[in-house]
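*Asks:* Next comes protein12.tsv, TSV, C-alpha atoms:
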chain	number	residue	atom	x	y	z
B	1	MET	CA	-33.68	-1.66	-9.37
B	2	ASN	CA	-31.53	-2.66	-6.36
B	3	SER	CA	-27.81	-1.88	-6.21
B	4	HIS	CA	-26.85	-5.47	-7.07
B	5	SER	CA	-28.90	-5.38	-10.29
B	6	ALA	CA	-27.79	-1.85	-11.09
B	7	LEU	CA	-24.12	-2.78	-10.78
B	8	GLN	CA	-24.67	-5.92	-12.82
B	9	LYS	CA	-26.11	-3.72	-15.56
B	10	VAL	CA	-23.12	-1.35	-15.39
B	11	ILE	CA	-20.71	-4.28	-15.67
B	12	THR	CA	-22.50	-5.94	-18.56
B	13	HIS	CA	-22.72	-2.59	-20.35
B	14	ARG	CA	-18.95	-2.16	-19.92
B	15	ILE	CA	-18.41	-5.62	-21.36
B	16	ALA	CA	-20.70	-4.88	-24.31
B	17	ASN	CA	-18.75	-1.72	-25.14
B	18	SER	CA	-15.29	-3.23	-24.68
B	19	PRO	CA	-13.11	-4.60	-27.48
B	20	GLU	CA	-13.99	-8.24	-28.11
B	21	ALA	CA	-16.86	-7.83	-25.63
B	22	ARG	CA	-14.79	-8.77	-22.59
B	23	ILE	CA	-13.04	-7.16	-19.60
B	24	THR	CA	-10.22	-8.34	-17.36
B	25	PHE	CA	-11.01	-9.73	-13.94
B	26	ALA	CA	-9.15	-6.71	-12.51
B	27	GLU	CA	-11.63	-4.37	-14.23
B	28	TYR	CA	-14.52	-6.41	-12.86
B	29	MET	CA	-13.10	-6.44	-9.31
B	30	ASP	CA	-12.49	-2.70	-9.47
B	31	MET	CA	-16.14	-2.06	-10.40
B	32	ALA	CA	-17.48	-4.56	-7.85
B	33	LEU	CA	-15.54	-2.88	-5.04
B	34	TYR	CA	-15.07	0.73	-6.10
B	35	HIS	CA	-17.74	1.77	-8.61
B	36	SER	CA	-18.58	5.35	-7.61
B	37	GLU	CA	-22.23	4.59	-6.87
B	38	TYR	CA	-22.76	0.85	-6.51
B	39	GLY	CA	-19.37	-0.59	-5.52
B	40	TYR	CA	-18.96	-2.37	-2.20
B	41	TYR	CA	-16.63	0.26	-0.73
B	42	SER	CA	-18.41	3.22	-2.33
B	43	SER	CA	-21.92	2.42	-1.17
B	44	ASN	CA	-23.23	1.70	2.31
B	45	ALA	CA	-22.80	-2.04	1.72
B	46	VAL	CA	-19.47	-2.34	3.52
B	47	LYS	CA	-19.88	-3.56	7.09
B	48	ILE	CA	-16.92	-4.05	9.40
B	49	GLY	CA	-17.06	-5.52	12.89
B	50	PHE	CA	-18.44	-8.43	14.84
B	51	LYS	CA	-22.17	-7.67	14.76
B	52	GLY	CA	-23.62	-7.96	11.27
B	53	GLY	CA	-20.31	-7.26	9.58
B	54	ASP	CA	-18.78	-9.04	6.64
B	55	PHE	CA	-15.37	-9.22	8.34
B	56	PHE	CA	-13.41	-7.74	11.23
B	57	THR	CA	-9.87	-6.43	11.50
B	58	SER	CA	-7.30	-6.15	14.28
B	59	VAL	CA	-8.68	-2.69	15.08
B	60	ASN	CA	-12.05	-4.14	16.09
B	61	LEU	CA	-10.38	-6.02	18.95
B	62	GLY	CA	-9.52	-2.83	20.86
B	63	ALA	CA	-7.02	0.01	20.98
B	64	ASP	CA	-3.90	-2.13	21.35
B	65	LEU	CA	-2.82	-2.19	17.70
B	66	GLY	CA	-3.13	1.60	17.50
B	67	ASP	CA	-1.32	2.10	20.80
B	68	LEU	CA	1.61	-0.09	19.81
B	69	LEU	CA	1.83	1.38	16.32
B	70	ALA	CA	1.98	4.78	18.01
B	71	GLU	CA	5.01	3.60	19.99
B	72	GLN	CA	6.69	2.71	16.70
B	73	PHE	CA	5.81	6.09	15.22
B	74	VAL	CA	7.36	7.82	18.22
B	75	GLN	CA	10.66	6.04	17.63
B	76	MET	CA	10.54	6.89	13.93
B	77	TRP	CA	10.00	10.55	14.79
B	78	GLU	CA	12.97	10.48	17.14
B	79	ILE	CA	15.24	8.74	14.61
B	80	LEU	CA	14.38	11.42	12.03
B	81	GLY	CA	15.40	14.15	14.50
B	82	GLN	CA	11.89	15.07	15.73
B	83	PRO	CA	10.88	17.01	12.60
B	84	THR	CA	7.96	19.45	12.60
B	85	PRO	CA	5.66	18.70	10.94
B	86	PHE	CA	5.82	14.92	11.22
B	87	TYR	CA	3.24	13.36	8.90
B	88	LEU	CA	1.32	10.17	9.49
B	89	VAL	CA	-0.50	9.21	6.29
B	90	GLU	CA	-3.02	6.40	6.78
B	91	MET	CA	-4.15	4.81	3.54
B	92	GLY	CA	-7.56	3.15	3.67
B	93	ALA	CA	-8.62	4.03	7.22
B	94	GLY	CA	-11.70	1.82	7.50
B	95	GLN	CA	-14.06	3.10	10.18
B	96	GLY	CA	-11.43	5.49	11.55
B	97	LEU	CA	-10.84	3.40	14.66
B	98	LEU	CA	-7.10	2.94	14.12
B	99	ALA	CA	-6.64	6.68	13.62
B	100	LEU	CA	-8.68	7.37	16.76
B	101	HIS	CA	-6.59	4.99	18.86
B	102	ILE	CA	-3.29	6.34	17.53
B	103	LEU	CA	-4.23	9.99	18.02
B	104	LYS	CA	-5.63	9.49	21.53
B	105	TYR	CA	-2.55	7.57	22.63
B	106	ILE	CA	-0.07	10.11	21.26
B	107	GLN	CA	-2.09	13.03	22.66
B	108	VAL	CA	-1.93	11.60	26.19
B	109	LYS	CA	1.51	9.98	26.27
B	110	TYR	CA	3.59	12.01	23.81
B	111	PRO	CA	2.28	15.61	23.74
B	112	HIS	CA	5.47	16.91	22.08
B	113	LEU	CA	4.90	14.59	19.09
B	114	PHE	CA	1.20	15.42	19.12
B	115	THR	CA	2.05	19.11	18.68
B	116	ALA	CA	4.29	18.31	15.70
B	117	LEU	CA	1.89	15.79	14.15
B	118	GLN	CA	-0.03	16.18	10.89
B	119	TYR	CA	-2.45	13.27	10.33
B	120	LEU	CA	-3.59	12.67	6.74
B	121	ILE	CA	-6.03	10.04	5.48
B	122	VAL	CA	-6.24	8.87	1.87
B	123	GLU	CA	-9.65	7.22	1.57
B	124	LYS	CA	-11.43	6.12	-1.61
B	125	SER	CA	-14.77	5.17	-0.05
B	126	PRO	CA	-17.23	8.08	0.44
B	127	GLY	CA	-19.20	6.14	3.05
B	128	LEU	CA	-16.16	5.22	5.12
B	129	LYS	CA	-14.77	8.74	4.78
B	130	GLN	CA	-17.97	10.14	6.29
B	131	GLU	CA	-17.78	7.65	9.18
B	132	GLN	CA	-14.13	8.57	9.76
B	133	GLN	CA	-14.94	12.28	9.81
B	134	GLU	CA	-17.66	11.77	12.40
B	135	ARG	CA	-15.45	9.60	14.60
B	136	LEU	CA	-12.40	11.89	14.40
B	137	ARG	CA	-14.12	15.28	14.65
B	138	GLU	CA	-12.26	16.14	17.89
B	139	PHE	CA	-8.90	15.87	16.11
B	140	SER	CA	-7.26	17.91	13.37
B	141	VAL	CA	-7.22	15.32	10.58
B	142	ARG	CA	-7.04	16.13	6.88
B	143	TRP	CA	-8.56	13.95	4.16
B	144	CYS	CA	-6.93	14.21	0.78
B	145	SER	CA	-6.53	12.48	-2.56
B	146	TRP	CA	-3.17	11.41	-3.95
B	147	GLU	CA	-3.30	14.38	-6.33
B	148	GLU	CA	-3.44	16.72	-3.33
B	149	ILE	CA	-0.16	15.38	-1.91
B	150	SER	CA	2.83	16.89	-3.73
B	151	PRO	CA	5.79	14.74	-4.80
B	152	ASN	CA	8.58	14.50	-2.20
B	153	SER	CA	6.49	16.44	0.32
B	154	ILE	CA	6.07	13.98	3.18
B	155	THR	CA	8.46	13.53	6.10
B	156	GLY	CA	7.03	10.85	8.34
B	157	CYS	CA	5.32	7.51	7.73
B	158	PHE	CA	2.82	6.16	5.24
B	159	PHE	CA	1.01	3.15	6.68
B	160	SER	CA	-1.86	0.79	5.89
B	161	ASN	CA	-3.66	-2.05	7.65
B	162	GLU	CA	-5.44	-4.51	5.34
B	163	LEU	CA	-5.50	-2.21	2.32
B	164	VAL	CA	-3.42	-3.96	-0.34
B	165	ASP	CA	-5.47	-7.18	-0.18
B	166	ALA	CA	-8.50	-5.26	-1.50
B	167	LEU	CA	-6.76	-3.78	-4.55
B	168	PRO	CA	-8.04	-5.22	-7.87
B	169	VAL	CA	-6.04	-8.21	-9.12
B	170	HIS	CA	-5.58	-9.78	-12.54
B	171	GLN	CA	-6.24	-13.52	-12.67
B	172	PHE	CA	-4.39	-15.96	-14.88
B	173	ILE	CA	-4.43	-19.64	-15.74
B	174	LEU	CA	-1.80	-21.87	-17.31
B	175	GLU	CA	-2.86	-23.55	-20.54
B	176	GLY	CA	-0.38	-25.58	-22.57
B	177	GLY	CA	2.41	-24.18	-20.40
B	178	GLU	CA	1.47	-20.61	-21.38
B	179	LEU	CA	0.17	-17.84	-19.16
B	180	ARG	CA	-3.37	-16.90	-20.20
B	181	GLU	CA	-5.36	-14.11	-18.58
B	182	ILE	CA	-8.88	-14.58	-17.24
B	183	TYR	CA	-11.42	-12.28	-18.87
B	184	LEU	CA	-15.14	-11.90	-18.28
B	185	THR	CA	-17.72	-11.91	-21.01
B	186	VAL	CA	-21.45	-12.49	-21.00
B	187	GLN	CA	-23.29	-15.55	-22.18
B	188	GLY	CA	-25.00	-14.66	-25.42
B	189	ASP	CA	-22.32	-12.06	-26.16
B	190	GLN	CA	-23.32	-11.99	-29.83
B	191	GLU	CA	-26.66	-10.56	-28.78
B	192	VAL	CA	-24.80	-8.23	-26.42
B	193	GLN	CA	-22.77	-6.79	-29.26
B	194	GLU	CA	-25.90	-6.32	-31.36
B	195	ALA	CA	-27.91	-4.63	-28.58
B	196	LYS	CA	-25.53	-2.76	-26.33
B	197	ASN	CA	-28.16	-1.10	-24.16
B	198	PHE	CA	-29.81	-4.32	-23.03
B	199	SER	CA	-30.98	-4.91	-19.45
B	200	PRO	CA	-29.37	-7.84	-17.61
B	201	SER	CA	-31.50	-10.88	-17.10
B	202	PRO	CA	-30.93	-14.48	-16.00
B	203	ASN	CA	-30.08	-15.23	-19.63
B	204	TYR	CA	-27.00	-13.02	-19.36
B	205	GLU	CA	-24.51	-14.54	-16.98
B	206	LEU	CA	-20.91	-13.52	-16.47
B	207	THR	CA	-18.66	-16.12	-18.04
B	208	GLU	CA	-14.89	-16.55	-17.76
B	209	VAL	CA	-12.73	-16.93	-20.84
B	210	ALA	CA	-8.95	-17.28	-21.08
B	211	ALA	CA	-6.95	-15.37	-23.68
B	212	ALA	CA	-3.62	-13.63	-24.24
B	213	PRO	CA	-2.53	-11.27	-21.43
B	214	SER	CA	-3.91	-7.75	-21.61
B	215	THR	CA	-0.50	-6.27	-20.80
B	216	PRO	CA	3.13	-7.46	-20.92
B	217	ARG	CA	3.39	-6.38	-17.27
B	218	LEU	CA	1.77	-9.68	-16.28
B	219	THR	CA	4.62	-11.81	-17.62
B	220	GLU	CA	7.22	-9.25	-16.50
B	221	TYR	CA	5.81	-9.57	-12.97
B	222	PHE	CA	7.26	-13.06	-12.61
B	223	ASP	CA	10.71	-11.80	-13.56
B	224	LEU	CA	10.31	-9.24	-10.79
B	225	VAL	CA	9.46	-11.83	-8.11
B	226	GLY	CA	11.80	-14.55	-9.38
B	227	ILE	CA	9.22	-17.19	-10.30
B	228	ASN	CA	9.59	-19.35	-13.43
B	229	LEU	CA	6.20	-20.79	-14.36
B	230	ALA	CA	7.80	-22.89	-17.09
B	231	GLN	CA	9.61	-24.91	-14.43
B	232	GLY	CA	8.92	-26.11	-10.93
B	233	GLY	CA	6.00	-28.45	-11.45
B	234	TYR	CA	3.25	-26.03	-12.49
B	235	GLU	CA	0.50	-28.04	-14.18
B	236	ASP	CA	-2.06	-26.98	-16.73
B	237	GLY	CA	-5.02	-25.43	-14.96
B	238	TYR	CA	-2.82	-23.74	-12.35
B	239	ARG	CA	-4.54	-20.49	-11.47
B	240	SER	CA	-3.61	-17.48	-9.38
B	241	GLU	CA	-3.55	-13.69	-9.18
B	242	ILE	CA	-1.22	-10.81	-10.03
B	243	ASN	CA	-1.65	-7.51	-8.23
B	244	LEU	CA	-0.38	-4.82	-10.59
B	245	ALA	CA	-2.45	-2.22	-8.71
B	246	ALA	CA	-0.29	-2.82	-5.63
B	247	LEU	CA	2.82	-1.88	-7.64
B	248	ASP	CA	1.13	1.27	-8.96
B	249	TRP	CA	0.05	2.18	-5.42
B	250	LEU	CA	3.57	1.70	-4.05
B	251	SER	CA	4.99	3.86	-6.86
B	252	ILE	CA	2.72	6.70	-5.75
B	253	VAL	CA	3.67	6.28	-2.09
B	254	ALA	CA	7.38	6.33	-2.93
B	255	ASP	CA	6.88	9.41	-5.09
B	256	ARG	CA	5.16	11.36	-2.29
B	257	LEU	CA	7.57	10.32	0.47
B	258	GLN	CA	10.64	12.50	0.84
B	259	ARG	CA	12.04	11.10	4.05
B	260	GLY	CA	10.72	8.44	6.37
B	261	TYR	CA	8.98	5.10	6.38
B	262	VAL	CA	6.28	2.90	4.84
B	263	ILE	CA	4.52	0.25	6.95
B	264	THR	CA	2.32	-2.32	5.19
B	265	ILE	CA	0.32	-4.72	7.38
B	266	ASP	CA	-1.71	-7.38	5.59
B	267	TYR	CA	-2.20	-11.09	5.07
B	268	GLY	CA	0.04	-12.61	2.46
B	269	TYR	CA	3.21	-14.52	1.64
B	270	PRO	CA	6.58	-14.21	-0.02
B	271	ALA	CA	6.35	-15.08	-3.74
B	272	SER	CA	7.79	-18.57	-3.25
B	273	ARG	CA	4.84	-19.46	-1.02
B	274	TYR	CA	2.25	-17.43	-2.89
B	275	TYR	CA	3.02	-19.18	-6.18
B	276	ASN	CA	3.68	-22.61	-4.73
B	277	PRO	CA	2.57	-25.19	-7.35
B	278	ARG	CA	0.35	-26.80	-4.70
B	279	ARG	CA	-1.60	-23.54	-4.24
B	280	SER	CA	-3.16	-24.21	-7.62
B	281	GLN	CA	-6.32	-22.11	-7.26
B	282	GLY	CA	-4.81	-18.89	-5.96
B	283	THR	CA	-5.85	-16.97	-2.86
B	284	LEU	CA	-8.98	-15.07	-3.93
B	285	GLN	CA	-11.61	-14.94	-1.18
B	286	CYS	CA	-14.97	-13.24	-0.74
B	287	TYR	CA	-16.48	-12.16	2.56
B	288	TYR	CA	-20.19	-11.73	3.17
B	289	GLN	CA	-21.74	-11.56	6.64
B	290	HIS	CA	-18.71	-13.15	8.32
B	291	ARG	CA	-18.70	-16.08	5.90
B	292	HIS	CA	-16.03	-16.56	3.31
B	293	HIS	CA	-16.22	-18.31	-0.04
B	294	ASN	CA	-14.49	-18.13	-3.42
B	295	ASN	CA	-17.25	-17.03	-5.81
B	296	PRO	CA	-16.78	-13.36	-6.76
B	297	TYR	CA	-19.76	-13.43	-9.14
B	298	ILE	CA	-22.52	-13.48	-6.53
B	299	ASN	CA	-23.61	-10.67	-4.18
B	300	ILE	CA	-22.04	-8.24	-6.66
B	301	GLY	CA	-21.31	-4.95	-4.91
B	302	GLN	CA	-22.47	-6.39	-1.59
B	303	GLN	CA	-19.48	-8.50	-0.60
B	304	ASP	CA	-15.77	-7.93	-0.09
B	305	ILE	CA	-13.36	-9.51	-2.57
B	306	THR	CA	-9.74	-9.93	-1.53
B	307	ALA	CA	-6.52	-11.66	-2.50
B	308	HIS	CA	-3.43	-12.28	-0.38
B	309	VAL	CA	-0.49	-9.92	-0.75
B	310	ASP	CA	2.73	-10.91	-2.51
B	311	PHE	CA	5.24	-9.26	-0.19
B	312	THR	CA	8.19	-10.14	-2.43
B	313	ALA	CA	6.65	-7.97	-5.14
B	314	LEU	CA	6.28	-5.05	-2.72
B	315	GLU	CA	9.88	-5.44	-1.55
B	316	ARG	CA	11.40	-5.62	-5.03
B	317	TRP	CA	9.19	-3.01	-6.63
B	318	GLY	CA	9.83	-0.75	-3.67
B	319	ASP	CA	13.55	-1.13	-4.27
B	320	ARG	CA	13.07	0.05	-7.86
B	321	CYS	CA	11.13	3.06	-6.53
B	322	GLY	CA	13.80	4.05	-4.04
B	323	LEU	CA	12.31	2.33	-0.99
B	324	GLU	CA	14.78	0.33	1.07
B	325	LYS	CA	13.51	-2.75	2.89
B	326	LEU	CA	14.21	-2.46	6.61
B	327	GLY	CA	12.48	-5.67	7.61
B	328	PHE	CA	9.64	-8.11	7.09
B	329	THR	CA	8.12	-9.89	10.07
B	330	GLN	CA	4.88	-11.33	11.42
B	331	GLN	CA	2.33	-9.18	13.20
B	332	ALA	CA	2.67	-11.30	16.35
B	333	LEU	CA	6.42	-10.70	16.55
B	334	PHE	CA	6.02	-7.04	15.63
B	335	LEU	CA	3.48	-6.38	18.39
B	336	MET	CA	5.32	-8.47	20.99
B	337	ALA	CA	8.47	-6.45	20.33
B	338	LEU	CA	6.48	-3.25	20.87
B	339	GLY	CA	5.14	-4.41	24.24
B	340	LEU	CA	2.07	-6.58	23.72
B	341	GLY	CA	3.52	-9.25	26.03
B	342	ASP	CA	3.73	-6.69	28.84
B	343	ARG	CA	0.08	-5.81	28.25
B	344	ILE	CA	-0.94	-9.46	28.52
B	345	ALA	CA	1.07	-9.87	31.74
B	346	ALA	CA	-0.38	-6.68	33.24
B	347	LEU	CA	-3.91	-8.02	32.94
B	348	SER	CA	-3.30	-10.21	35.98
B	349	TYR	CA	-2.88	-7.10	38.14
B	350	GLN	CA	-5.87	-5.11	36.90
B	351	GLN	CA	-8.87	-4.75	39.20
B	352	ILE	CA	-11.56	-5.45	36.61
B	353	PRO	CA	-14.43	-7.96	36.46
B	354	VAL	CA	-13.39	-11.47	35.45
B	355	SER	CA	-15.60	-11.43	32.35
B	356	GLU	CA	-13.96	-8.21	31.16
B	357	LEU	CA	-10.50	-9.57	31.91
B	358	LEU	CA	-11.14	-12.75	29.92
B	359	HIS	CA	-12.53	-10.74	27.01
B	360	LYS	CA	-9.48	-8.47	26.99
B	361	ARG	CA	-7.08	-11.40	27.22
B	362	GLN	CA	-8.82	-13.16	24.35
B	363	ALA	CA	-8.58	-10.02	22.21
B	364	LEU	CA	-4.85	-9.66	22.87
B	365	HIS	CA	-4.22	-13.31	22.07
B	366	GLN	CA	-6.15	-12.97	18.80
B	367	LEU	CA	-3.72	-10.24	17.73
B	368	ILE	CA	-0.83	-12.70	18.01
B	369	ASP	CA	-2.55	-15.93	16.97
B	370	PRO	CA	-0.16	-17.35	14.31
B	371	THR	CA	-3.06	-19.01	12.47
B	372	GLY	CA	-4.97	-15.73	12.24
B	373	LEU	CA	-4.12	-12.07	12.70
B	374	GLY	CA	-0.75	-12.86	14.26
B	375	GLY	CA	0.37	-14.46	11.02
B	376	PHE	CA	-0.16	-11.27	9.02
B	377	GLY	CA	2.93	-9.84	7.36
B	378	VAL	CA	4.45	-6.51	8.41
B	379	LEU	CA	6.73	-4.93	5.81
B	380	ILE	CA	8.68	-1.79	6.72
B	381	GLN	CA	10.49	0.23	4.05
B	382	SER	CA	12.28	3.57	4.19
B	383	LYS	CA	13.40	6.41	1.96
B	384	GLY	CA	15.80	9.30	2.37
B	385	LEU	CA	17.40	8.12	5.61
B	386	THR	CA	21.05	8.78	6.39
B	387	LYS	CA	23.30	5.78	7.02
B	388	GLU	CA	23.16	6.48	10.74
B	389	GLU	CA	19.36	6.71	10.75
B	390	ALA	CA	18.97	3.55	8.67
B	391	SER	CA	21.30	1.64	11.01
B	392	GLN	CA	19.01	2.12	14.01
B	393	THR	CA	16.86	-0.96	14.48
B	394	LEU	CA	13.18	-0.23	14.73
B	395	THR	CA	11.66	-1.64	17.90
B	396	GLY	CA	8.98	-3.54	15.99
B	397	LEU	CA	11.68	-5.38	14.05
B	398	SER	CA	13.86	-6.18	17.07
B	399	VAL	CA	12.47	-9.70	17.59
B	400	PRO	CA	14.06	-12.04	15.00
B	401	GLU	CA	11.64	-13.80	12.71
B	402	LEU	CA	11.17	-17.47	13.52
B	403	GLY	CA	13.62	-19.63	11.62
B	404	LYS	CA	15.97	-16.74	10.87
In C-alpha cells, write the structure found in this file.

*Replies:*
Amino acid sequence: MNSHSALQKVITHRIANSPEARITFAEYMDMALYHSEYGYYSSNAVKIGFKGGDFFTSVNLGADLGDLLAEQFVQMWEILGQPTPFYLVEMGAGQGLLALHILKYIQVKYPHLFTALQYLIVEKSPGLKQEQQERLREFSVRWCSWEEISPNSITGCFFSNELVDALPVHQFILEGGELREIYLTVQGDQEVQEAKNFSPSPNYELTEVAAAPSTPRLTEYFDLVGINLAQGGYEDGYRSEINLAALDWLSIVADRLQRGYVITIDYGYPASRYYNPRRSQGTLQCYYQHRHHNNPYINIGQQDITAHVDFTALERWGDRCGLEKLGFTQQALFLMALGLGDRIAALSYQQIPVSELLHKRQALHQLIDPTGLGGFGVLIQSKGLTKEEASQTLTGLSVPELGK
C-alpha cells in the first residue's frame, strides 16, 4: 500500500470512529500535513525548491533574506542591551537554509553577537529536521520541542518564514445567514459505521457536509477580528477559513518569551481584506510540483495545503497574550529598509559574469515584487521591553507603509 492509500485509510478510519462519523476540515488538514508517518511534512514527500519541488520560498533565491534578517537581529540585540545569551528561535525551519544564511552572516560580520548567540529550532517534520541537522552541522544549533522550552525563558527573538500558512484551518460556509462548519464524512457512511475496519476503495470518497460549529471559538473569532458576518453583504454560500491553530501557536510563543520580539513573515491580509464579501471562496490553496489548485482531497499526503494568514487575528490575539504590536509592513518595504536597495545598486559594480549578474538581480527583484514575495506581510511584536526600548524604531519598520 502506498503512502497516499495508507493515509486515506487512516483518515477514513478516524472518520468511522468519530462521533457522527465525521471530522472537521482542520482535523483532516492536520492529518494530511502532519500525520506522524504519512503526512506531507512528516514523510519524505515535501519538496522545496525550483527543481522538482512543490513550491519555493524567499530562502531559495539566495542568502539575502537571511543576511538582512540578521541585520535586524543585531539591532534587536543592541536595543535589549546585548544580553548573553541572546536566543534566536526559528519555528519551522524548512531545509535549514535560512538558519545557515543567518548564522554565517553573523559569524563573519558580528562575532560579538555570534559569541552570545543561542540558536534554537522548533521543527515538527522529522524529514526536514534531519535535513536541517545535516546542513547546520558546523554550527551549535539546538532542536527542541515546545515542551522543552520553559515559560518566560527566552530573551531574544522568535521568528518564522511561511509557517503560519501551513497550520490546519477550520472551514466554514454561510447557510441561511448562519455560520456552519465544514466537516468531512465518507460516502456510504452507514456502512462505515457498521464496519469500522474497512479498507478504503473508490466507493468510499471523502464528502463535505455542513453542520453546527465544533467549538464556540469559531464564532468568537469574528468578535476578535471585528467582522460581522450578519452584515456587510455576505451571501449564502460564502466560504472561508478560520485559523484557530495560529492563535494557539501564538499563545505558546508569548508564554515562552520573557523579553524580546516575535517576527512573523507570511502571505496574508488584514481581516477586512481576508473576509471581504467578494473573496467568497476563501484562500485555501494546494501546491504540487510547482502547480497550485484548490482541491485538498487529491494527492493526500503528497501535496502542500495552505491558507493565507489573517494578520489582524495575530495582532489582536497577541495583544491578549501580552505581545505589543510594533509594526506591520510588506516584505518589500521591510527588506528595502534593511538595505536590499543597496545590494541591488552594488550589483552594477561587481566583476561577475553577465549571466550571474542577471540571475542575482532577478532574485533580488523577486524578493520585493509586490505581486509575489514582496507583498508578504511582516508582523513584528514585542514583550517585556522598557518604554525606552519600545520607543526605538526597528530598522525594518523605518520605511512607512504605502498609503500610511

*Asks:* Can you pull out every residue within 12 Å of B:Glu131, counting all atoms listed in the file, but drop anything in the same chain fewer than 2 positions away, and send it as a PyMOL selection string?

*Replies:* chain B and resi 44+46-48+93-97+100+123+125-129+133-137

*Asks:* Between atom CA of B:Glu181 and atom CA of B:Ala210, what distance in Å does the model show, to one decimal?

*Replies:*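 Distance reported for this atom pair: 5.4 Å.
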
*Asks:* As an exercise, work out the distance from atom CA of B:Arg361 to atom CA of B:Ala346 in Å and give it to one decimal place.

*Replies:*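 About the pair atom CA of B:Arg361 and atom CA of B:Ala346: they are 10.2 Å apart.
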
*Asks:* Any idea what the distance is between atom CA of B:Ser153 and atom CA of B:Gly66?

*Replies:*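 Value for the atom CA of B:Ser153-atom CA of B:Gly66 distance: 24.7 Å.
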
*Asks:* Which is closer to B:Tyr274 than all the others in B:Glu37, B:Glu147, B:Glu241, B:Glu324, using only C-alpha atoms?

*Replies:*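 Between B:Glu37, B:Glu147, B:Glu241, B:Glu324, the residue approaching B:Tyr274 most closely is B:Glu241.
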
*Asks:* Will you model N, CA and C atoms for stretch 12-28 of chain B and pass it back as a PDB file, in the coordinates of the input?

*Replies:*
ATOM      1  N   THR B  12     -22.187  -5.335 -17.254  1.00  0.00           N
ATOM      2  CA  THR B  12     -22.500  -5.940 -18.560  1.00  0.00           C
ATOM      3  C   THR B  12     -22.452  -4.894 -19.671  1.00  0.00           C
ATOM      4  N   HIS B  13     -22.816  -3.666 -19.352  1.00  0.00           N
ATOM      5  CA  HIS B  13     -22.720  -2.590 -20.350  1.00  0.00           C
ATOM      6  C   HIS B  13     -21.258  -2.320 -20.690  1.00  0.00           C
ATOM      7  N   ARG B  14     -20.392  -2.335 -19.673  1.00  0.00           N
ATOM      8  CA  ARG B  14     -18.950  -2.160 -19.920  1.00  0.00           C
ATOM      9  C   ARG B  14     -18.421  -3.267 -20.817  1.00  0.00           C
ATOM     10  N   ILE B  15     -18.847  -4.490 -20.541  1.00  0.00           N
ATOM     11  CA  ILE B  15     -18.410  -5.620 -21.360  1.00  0.00           C
ATOM     12  C   ILE B  15     -18.875  -5.426 -22.808  1.00  0.00           C
ATOM     13  N   ALA B  16     -20.136  -5.037 -22.976  1.00  0.00           N
ATOM     14  CA  ALA B  16     -20.700  -4.880 -24.310  1.00  0.00           C
ATOM     15  C   ALA B  16     -19.955  -3.834 -25.126  1.00  0.00           C
ATOM     16  N   ASN B  17     -19.420  -2.816 -24.443  1.00  0.00           N
ATOM     17  CA  ASN B  17     -18.750  -1.720 -25.140  1.00  0.00           C
ATOM     18  C   ASN B  17     -17.235  -1.844 -25.125  1.00  0.00           C
ATOM     19  N   SER B  18     -16.733  -2.994 -24.700  1.00  0.00           N
ATOM     20  CA  SER B  18     -15.290  -3.230 -24.680  1.00  0.00           C
ATOM     21  C   SER B  18     -14.859  -3.997 -25.921  1.00  0.00           C
ATOM     22  N   PRO B  19     -13.614  -3.817 -26.341  1.00  0.00           N
ATOM     23  CA  PRO B  19     -13.110  -4.600 -27.480  1.00  0.00           C
ATOM     24  C   PRO B  19     -13.278  -6.091 -27.224  1.00  0.00           C
ATOM     25  N   GLU B  20     -13.755  -6.794 -28.194  1.00  0.00           N
ATOM     26  CA  GLU B  20     -13.990  -8.240 -28.110  1.00  0.00           C
ATOM     27  C   GLU B  20     -15.005  -8.600 -27.038  1.00  0.00           C
ATOM     28  N   ALA B  21     -15.775  -7.611 -26.592  1.00  0.00           N
ATOM     29  CA  ALA B  21     -16.860  -7.830 -25.630  1.00  0.00           C
ATOM     30  C   ALA B  21     -16.391  -8.605 -24.398  1.00  0.00           C
ATOM     31  N   ARG B  22     -15.290  -8.132 -23.803  1.00  0.00           N
ATOM     32  CA  ARG B  22     -14.790  -8.770 -22.590  1.00  0.00           C
ATOM     33  C   ARG B  22     -13.977  -7.744 -21.785  1.00  0.00           C
ATOM     34  N   ILE B  23     -13.868  -7.990 -20.488  1.00  0.00           N
ATOM     35  CA  ILE B  23     -13.040  -7.160 -19.600  1.00  0.00           C
ATOM     36  C   ILE B  23     -12.166  -8.081 -18.762  1.00  0.00           C
ATOM     37  N   THR B  24     -11.073  -7.544 -18.235  1.00  0.00           N
ATOM     38  CA  THR B  24     -10.220  -8.340 -17.360  1.00  0.00           C
ATOM     39  C   THR B  24     -10.899  -8.526 -16.013  1.00  0.00           C
ATOM     40  N   PHE B  25     -10.470  -9.535 -15.290  1.00  0.00           N
ATOM     41  CA  PHE B  25     -11.010  -9.730 -13.940  1.00  0.00           C
ATOM     42  C   PHE B  25     -10.685  -8.519 -13.064  1.00  0.00           C
ATOM     43  N   ALA B  26      -9.523  -7.891 -13.291  1.00  0.00           N
ATOM     44  CA  ALA B  26      -9.150  -6.710 -12.510  1.00  0.00           C
ATOM     45  C   ALA B  26     -10.157  -5.581 -12.717  1.00  0.00           C
ATOM     46  N   GLU B  27     -10.613  -5.394 -13.956  1.00  0.00           N
ATOM     47  CA  GLU B  27     -11.630  -4.370 -14.230  1.00  0.00           C
ATOM     48  C   GLU B  27     -12.931  -4.706 -13.502  1.00  0.00           C
ATOM     49  N   TYR B  28     -13.299  -5.978 -13.544  1.00  0.00           N
ATOM     50  CA  TYR B  28     -14.520  -6.410 -12.860  1.00  0.00           C
ATOM     51  C   TYR B  28     -14.408  -6.175 -11.353  1.00  0.00           C
TER      52      TYR B  28
END
